[in-house]
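Data file: target.json. Format and content: JSON, C-alpha atoms.
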```json
[["chain", "number", "residue", "atom", "x", "y", "z"],
["G", 1, "MET", "CA", -90.86, -35.89, -12.84],
["G", 2, "TYR", "CA", -88.81, -32.89, -11.74],
["G", 3, "ARG", "CA", -85.52, -34.75, -12.10],
["G", 4, "SER", "CA", -86.32, -35.76, -15.65],
["G", 5, "ALA", "CA", -87.25, -32.18, -16.58],
["G", 6, "PHE", "CA", -84.04, -31.01, -14.89],
["G", 7, "ALA", "CA", -82.00, -33.58, -16.84],
["G", 8, "ILE", "CA", -83.57, -32.53, -20.13],
["G", 9, "ALA", "CA", -82.91, -28.86, -19.36],
["G", 10, "ILE", "CA", -79.29, -29.61, -18.48],
["G", 11, "GLY", "CA", -78.89, -31.65, -21.66],
["G", 12, "ILE", "CA", -80.26, -28.83, -23.81],
["G", 13, "LEU", "CA", -78.17, -26.18, -22.06],
["G", 14, "SER", "CA", -75.00, -28.24, -22.32],
["G", 15, "CYS", "CA", -75.57, -28.89, -26.04],
["G", 16, "MET", "CA", -75.98, -25.16, -26.63],
["G", 17, "ALA", "CA", -72.92, -24.42, -24.50],
["G", 18, "TYR", "CA", -70.80, -26.93, -26.46],
["G", 19, "ILE", "CA", -71.89, -25.38, -29.76],
["G", 20, "VAL", "CA", -71.09, -21.87, -28.54],
["G", 21, "LEU", "CA", -67.79, -22.99, -27.02],
["G", 22, "SER", "CA", -66.71, -24.74, -30.21],
["G", 23, "GLY", "CA", -67.50, -21.57, -32.17],
["G", 24, "ILE", "CA", -65.44, -19.48, -29.76],
["G", 25, "ILE", "CA", -62.52, -21.91, -29.90],
["G", 26, "VAL", "CA", -62.57, -21.97, -33.69],
["G", 27, "SER", "CA", -62.63, -18.19, -33.95],
["G", 28, "VAL", "CA", -59.84, -17.71, -31.38],
["G", 29, "LEU", "CA", -57.64, -20.37, -32.95],
["G", 30, "LEU", "CA", -58.19, -18.94, -36.44],
["G", 31, "ARG", "CA", -57.25, -15.49, -35.23],
["G", 32, "LEU", "CA", -54.21, -16.92, -33.45],
["G", 33, "SER", "CA", -53.25, -18.85, -36.56],
["G", 34, "GLN", "CA", -53.37, -15.74, -38.73],
["G", 35, "GLN", "CA", -51.39, -13.62, -36.27],
["G", 36, "GLU", "CA", -48.64, -16.10, -35.48],
["G", 37, "GLU", "CA", -48.22, -17.50, -39.01],
["G", 38, "GLN", "CA", -45.89, -14.63, -39.88],
["G", 39, "HIS", "CA", -43.50, -15.55, -37.06],
["G", 40, "TYR", "CA", -43.61, -19.35, -37.04],
["G", 41, "GLY", "CA", -44.70, -20.24, -40.56],
["G", 42, "ARG", "CA", -46.65, -23.20, -41.86],
["G", 43, "VAL", "CA", -45.86, -25.55, -38.96],
["G", 44, "TRP", "CA", -47.62, -23.26, -36.51],
["G", 45, "GLN", "CA", -50.70, -23.05, -38.73],
["G", 46, "ASN", "CA", -50.83, -26.84, -39.03],
["G", 47, "LEU", "CA", -50.58, -27.20, -35.25],
["G", 48, "VAL", "CA", -53.36, -24.67, -34.69],
["G", 49, "ASN", "CA", -55.55, -26.38, -37.28],
["G", 50, "PHE", "CA", -54.94, -29.73, -35.58],
["G", 51, "MET", "CA", -55.84, -28.26, -32.17],
["G", 52, "MET", "CA", -58.97, -26.74, -33.68],
["G", 53, "CYS", "CA", -60.09, -30.05, -35.19],
["G", 54, "VAL", "CA", -59.44, -31.98, -31.99],
["G", 55, "SER", "CA", -61.28, -29.47, -29.80],
["G", 56, "VAL", "CA", -64.29, -29.30, -32.14],
["G", 57, "PHE", "CA", -64.36, -33.11, -32.31],
["G", 58, "CYS", "CA", -64.26, -33.44, -28.51],
["G", 59, "LEU", "CA", -66.97, -30.82, -28.06],
["G", 60, "GLY", "CA", -69.04, -32.60, -30.70],
["G", 61, "ILE", "CA", -68.72, -35.86, -28.77],
["G", 62, "LEU", "CA", -69.80, -34.12, -25.56],
["G", 63, "GLY", "CA", -72.77, -32.61, -27.40],
["G", 64, "ALA", "CA", -73.72, -36.05, -28.71],
["G", 65, "LEU", "CA", -73.53, -37.45, -25.17],
["G", 66, "SER", "CA", -75.88, -34.70, -24.01],
["G", 67, "LEU", "CA", -78.31, -35.57, -26.80],
["G", 68, "LEU", "CA", -78.09, -39.23, -25.80],
["G", 69, "MET", "CA", -78.93, -38.25, -22.24],
["G", 70, "ILE", "CA", -81.99, -36.32, -23.41],
["G", 71, "VAL", "CA", -83.21, -39.30, -25.44],
["G", 72, "GLY", "CA", -82.49, -41.65, -22.52],
["G", 73, "VAL", "CA", -84.49, -39.50, -20.12],
["G", 74, "ARG", "CA", -87.41, -39.22, -22.53],
["G", 75, "LYS", "CA", -87.48, -42.97, -23.22],
["G", 76, "HIS", "CA", -86.52, -44.00, -19.65],
["G", 77, "ARG", "CA", -83.50, -45.95, -20.88],
["G", 78, "CYS", "CA", -80.57, -45.90, -18.50],
["G", 79, "ALA", "CA", -78.20, -47.31, -21.14],
["G", 80, "LEU", "CA", -78.55, -44.11, -23.16],
["G", 81, "MET", "CA", -77.88, -41.99, -20.08],
["G", 82, "THR", "CA", -74.83, -43.98, -18.92],
["G", 83, "PRO", "CA", -72.21, -42.31, -21.18],
["G", 84, "TRP", "CA", -73.19, -38.83, -19.96],
["G", 85, "VAL", "CA", -73.22, -39.89, -16.30],
["G", 86, "VAL", "CA", -69.79, -41.55, -16.60],
["G", 87, "MET", "CA", -68.25, -38.70, -18.61],
["G", 88, "ASP", "CA", -69.55, -36.09, -16.20],
["G", 89, "ALA", "CA", -68.23, -38.08, -13.23],
["G", 90, "ILE", "CA", -64.81, -38.16, -14.91],
["G", 91, "LYS", "CA", -65.09, -34.41, -15.53],
["G", 92, "ILE", "CA", -65.87, -33.77, -11.86],
["G", 93, "ILE", "CA", -62.95, -35.92, -10.70],
["G", 94, "CYS", "CA", -60.56, -34.13, -13.08],
["G", 95, "SER", "CA", -61.89, -30.73, -12.00],
["G", 96, "PHE", "CA", -61.42, -31.64, -8.35],
["G", 97, "MET", "CA", -57.88, -32.85, -9.01],
["G", 98, "TYR", "CA", -57.18, -29.59, -10.88],
["G", 99, "PHE", "CA", -58.54, -27.65, -7.92],
["G", 100, "ILE", "CA", -56.33, -29.55, -5.48],
["G", 101, "THR", "CA", -53.15, -29.31, -7.55],
["G", 102, "VAL", "CA", -53.41, -25.93, -9.30],
["G", 103, "GLY", "CA", -56.45, -24.11, -7.96],
["G", 104, "ILE", "CA", -55.14, -23.78, -4.42],
["G", 105, "HIS", "CA", -52.12, -21.83, -5.67],
["G", 106, "LEU", "CA", -54.26, -19.33, -7.57],
["G", 107, "SER", "CA", -55.25, -15.90, -6.29],
["G", 108, "GLY", "CA", -58.60, -15.12, -4.63],
["G", 109, "PRO", "CA", -60.89, -15.00, -7.71],
["G", 110, "GLY", "CA", -59.10, -17.96, -9.30],
["G", 111, "ILE", "CA", -59.52, -20.25, -6.32],
["G", 112, "PHE", "CA", -63.14, -19.13, -5.90],
["G", 113, "SER", "CA", -64.04, -19.79, -9.55],
["G", 114, "SER", "CA", -62.31, -23.17, -9.51],
["G", 115, "LEU", "CA", -64.12, -24.24, -6.35],
["G", 116, "LEU", "CA", -67.42, -22.86, -7.67],
["G", 117, "TYR", "CA", -67.05, -24.89, -10.87],
["G", 118, "VAL", "CA", -66.47, -28.11, -8.91],
["G", 119, "CYS", "CA", -69.47, -27.44, -6.64],
["G", 120, "VAL", "CA", -71.85, -26.53, -9.48],
["G", 121, "SER", "CA", -70.74, -29.58, -11.45],
["G", 122, "CYS", "CA", -71.52, -31.80, -8.47],
["G", 123, "LEU", "CA", -74.89, -30.13, -7.92],
["G", 124, "VAL", "CA", -75.83, -30.67, -11.56],
["G", 125, "TRP", "CA", -74.51, -34.23, -11.75],
["G", 126, "TYR", "CA", -76.04, -35.69, -8.58],
["G", 127, "PRO", "CA", -79.79, -35.37, -9.45],
["G", 128, "ILE", "CA", -79.16, -36.79, -12.90],
["G", 129, "TYR", "CA", -77.16, -39.64, -11.35],
["G", 130, "LYS", "CA", -80.06, -40.34, -8.97],
["G", 131, "LEU", "CA", -82.47, -40.37, -11.92],
["G", 132, "TRP", "CA", -80.15, -42.77, -13.79],
["G", 133, "ARG", "CA", -79.90, -45.02, -10.72],
["G", 134, "ASP", "CA", -83.68, -45.08, -10.23],
["G", 135, "ILE", "CA", -84.33, -45.89, -13.88],
["G", 136, "HIS", "CA", -81.62, -48.58, -13.75],
["G", 137, "SER", "CA", -83.15, -50.23, -10.68],
["G", 138, "GLY", "CA", -86.73, -49.89, -11.94],
["G", 139, "ARG", "CA", -87.89, -47.60, -9.13],
["G", 140, "TYR", "CA", -88.59, -44.67, -11.43],
["G", 141, "PRO", "CA", -92.08, -44.93, -12.99],
["G", 142, "GLN", "CA", -92.18, -45.41, -16.72],
["G", 143, "HIS", "CA", -94.76, -42.67, -17.13],
["G", 144, "HIS", "CA", -96.01, -40.32, -14.47],
["G", 145, "GLU", "CA", -99.58, -40.78, -15.77],
["G", 146, "LEU", "CA", -99.45, -44.46, -14.77],
["G", 147, "GLU", "CA", -98.90, -43.57, -11.12],
["G", 148, "SER", "CA", -102.31, -41.97, -10.71],
["G", 149, "TYR", "CA", -104.25, -44.10, -13.21],
["G", 150, "GLN", "CA", -106.85, -46.35, -11.66],
["G", 151, "PRO", "CA", -108.96, -48.53, -13.94],
["G", 152, "PRO", "CA", -112.72, -48.29, -13.52],
["G", 153, "PRO", "CA", -114.42, -50.85, -11.26],
["G", 154, "GLY", "CA", -114.93, -54.18, -12.97],
["G", 155, "TYR", "CA", -112.27, -53.45, -15.60],
["G", 156, "TYR", "CA", -110.43, -56.69, -14.98],
["G", 157, "ALA", "CA", -113.56, -58.78, -14.41],
["G", 158, "THR", "CA", -114.44, -61.42, -17.00],
["G", 159, "PRO", "CA", -117.39, -60.50, -19.19],
["G", 160, "PRO", "CA", -120.65, -62.27, -18.42],
["G", 161, "ALA", "CA", -121.41, -65.29, -20.60],
["G", 162, "ARG", "CA", -124.19, -64.98, -23.15],
["G", 163, "ASP", "CA", -126.94, -67.57, -23.43],
["G", 164, "ASP", "CA", -126.01, -68.54, -27.00],
["G", 165, "THR", "CA", -122.34, -69.13, -26.07],
["G", 166, "GLU", "CA", -123.06, -72.56, -24.63],
["G", 167, "LYS", "CA", -125.07, -73.56, -27.70],
["G", 168, "ALA", "CA", -122.22, -72.53, -30.02],
["G", 169, "ILE", "CA", -119.55, -74.37, -28.01],
["G", 170, "THR", "CA", -121.47, -77.65, -27.51],
["G", 171, "PRO", "CA", -121.17, -78.92, -31.15],
["G", 172, "VAL", "CA", -117.45, -78.12, -31.20],
["G", 173, "LEU", "CA", -116.88, -80.04, -27.99],
["G", 174, "GLN", "CA", -118.89, -83.03, -29.28],
["G", 175, "GLN", "CA", -116.80, -83.18, -32.46],
["G", 176, "LYS", "CA", -113.56, -83.34, -30.47],
["G", 177, "ALA", "CA", -114.86, -86.20, -28.34]]
```
Is it possible to express this structure as structure tokens?
Amino acid sequence: MYRSAFAIAIGILSCMAYIVLSGIIVSVLLRLSQQEEQHYGRVWQNLVNFMMCVSVFCLGILGALSLLMIVGVRKHRCALMTPWVVMDAIKIICSFMYFITVGIHLSGPGIFSSLLYVCVSCLVWYPIYKLWRDIHSGRYPQHHELESYQPPPGYYATPPARDDTEKAITPVLQQKA
């Protein structure tokens, strides 16, 4: 139960972060486009517009993957969670490779922030991966209410036969014979 709530919270937070980040990127690139257009002309503005479209598209895809993860957690469908789990694993691998190649050569705060990002990404990804794996293997309960639900005694017992049941069935059985 806690992992699914954690996964939903992470999905909501990441969607909001992608929206905010795309807004920041658009505003920075627009400002950059207006400042540098005087020096480089129309080609520079086209390049900045292209970068803006690509970055907003990529952030939109990541936001859609987060929404898919939320729906997958709510419906207990691992197929809906799979794109987020795979994309986040790729993100962690790329972040770790960046840390190894570039982050080590950075100064104190740079290396610390790079290492912190890799560690936090792993700490966020692992519980959601475990939830995905449990749903995939069928070990995660479909609903937490079903775990504690016990039917009342005699719930599965057959109902007692009435006296008139035999009288109603006898003519039908004689017609078949």
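The coordinates place atom CA of G:Ile8 at 11.9 Å from atom CA of G:His76.
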*Have a look at G:Tyr2, G:Met52, G:Cys119, G:Val86 and name the one nearest to G:Leu32; count all atoms listed in the file.*
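For G:Leu32, the nearest of the given residues is G:Met52.
Across the model, the gap from atom CA of G:Gly110 to atom CA of G:Ser55 is 23.6 Å.
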*Skip G:Ile10 itself and residues of its chain fewer than 2 positions away, then list as a list in words all residues within 10 Å of it, counting only C-alpha atoms.*
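Residues near the query, excluding close chain neighbours: Ser4, Ala5, Phe6, Ala7, Ile8, Ile12, Leu13, Ser14, Cys15, Met16, Ser66, Met69, Ile70, Val124, Trp125 and Ile128 of chain G.
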*Could you please give me, as a list of chain:residue names, the residues of protein, DNA or RNA lying at most 12 Å from (-72.5, -44.5, -13.8) in the coordinate frame of the file, considering only C-alpha atoms?*
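Those within range, by chain then number, are G:Cys78, G:Ala79, G:Leu80, G:Met81, G:Thr82, G:Pro83, G:Trp84, G:Val85, G:Val86, G:Met87, G:Asp88, G:Ala89, G:Ile90, G:Trp125, G:Tyr126, G:Ile128, G:Tyr129, G:Lys130, G:Leu131, G:Trp132, G:Arg133, G:Asp134, G:Ile135, G:His136.
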Enclose stretch 87-98 of chain G, meaning all of its atoms listed in the file, in a box aligned along x, y and z, pad it by 4 Å on each side, and list the centre and edge lengths in Å to one decimal, as AutoDock Vina command-line options.
```
--center_x -63.4 --center_y -34.1 --center_z -13.5 --size_x 20.4 --size_y 17.1 --size_z 18.3
```
*Might you pull out every residue within 12 Å of G:Ser22, with all atoms listed in the file counted and same-chain residues fewer than 6 positions away left off, and present them as a PyMOL selection string?*
chain G and resi 14-16+28-29+51-63
*Mind giving me the straight-line distance from atom CA of G:Leu106 to atom CA of G:Lys91 in Å, one decimal?*
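Atom-to-atom, atom CA of G:Leu106 to atom CA of G:Lys91, that is 20.2 Å.
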*asked:* When you count all atoms listed in the file, which of these residues is closest to G:Arg77: G:Leu47, G:Gly138, G:Gln34, G:Arg3?
replied: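 The closest residue to G:Arg77 is G:Gly138.
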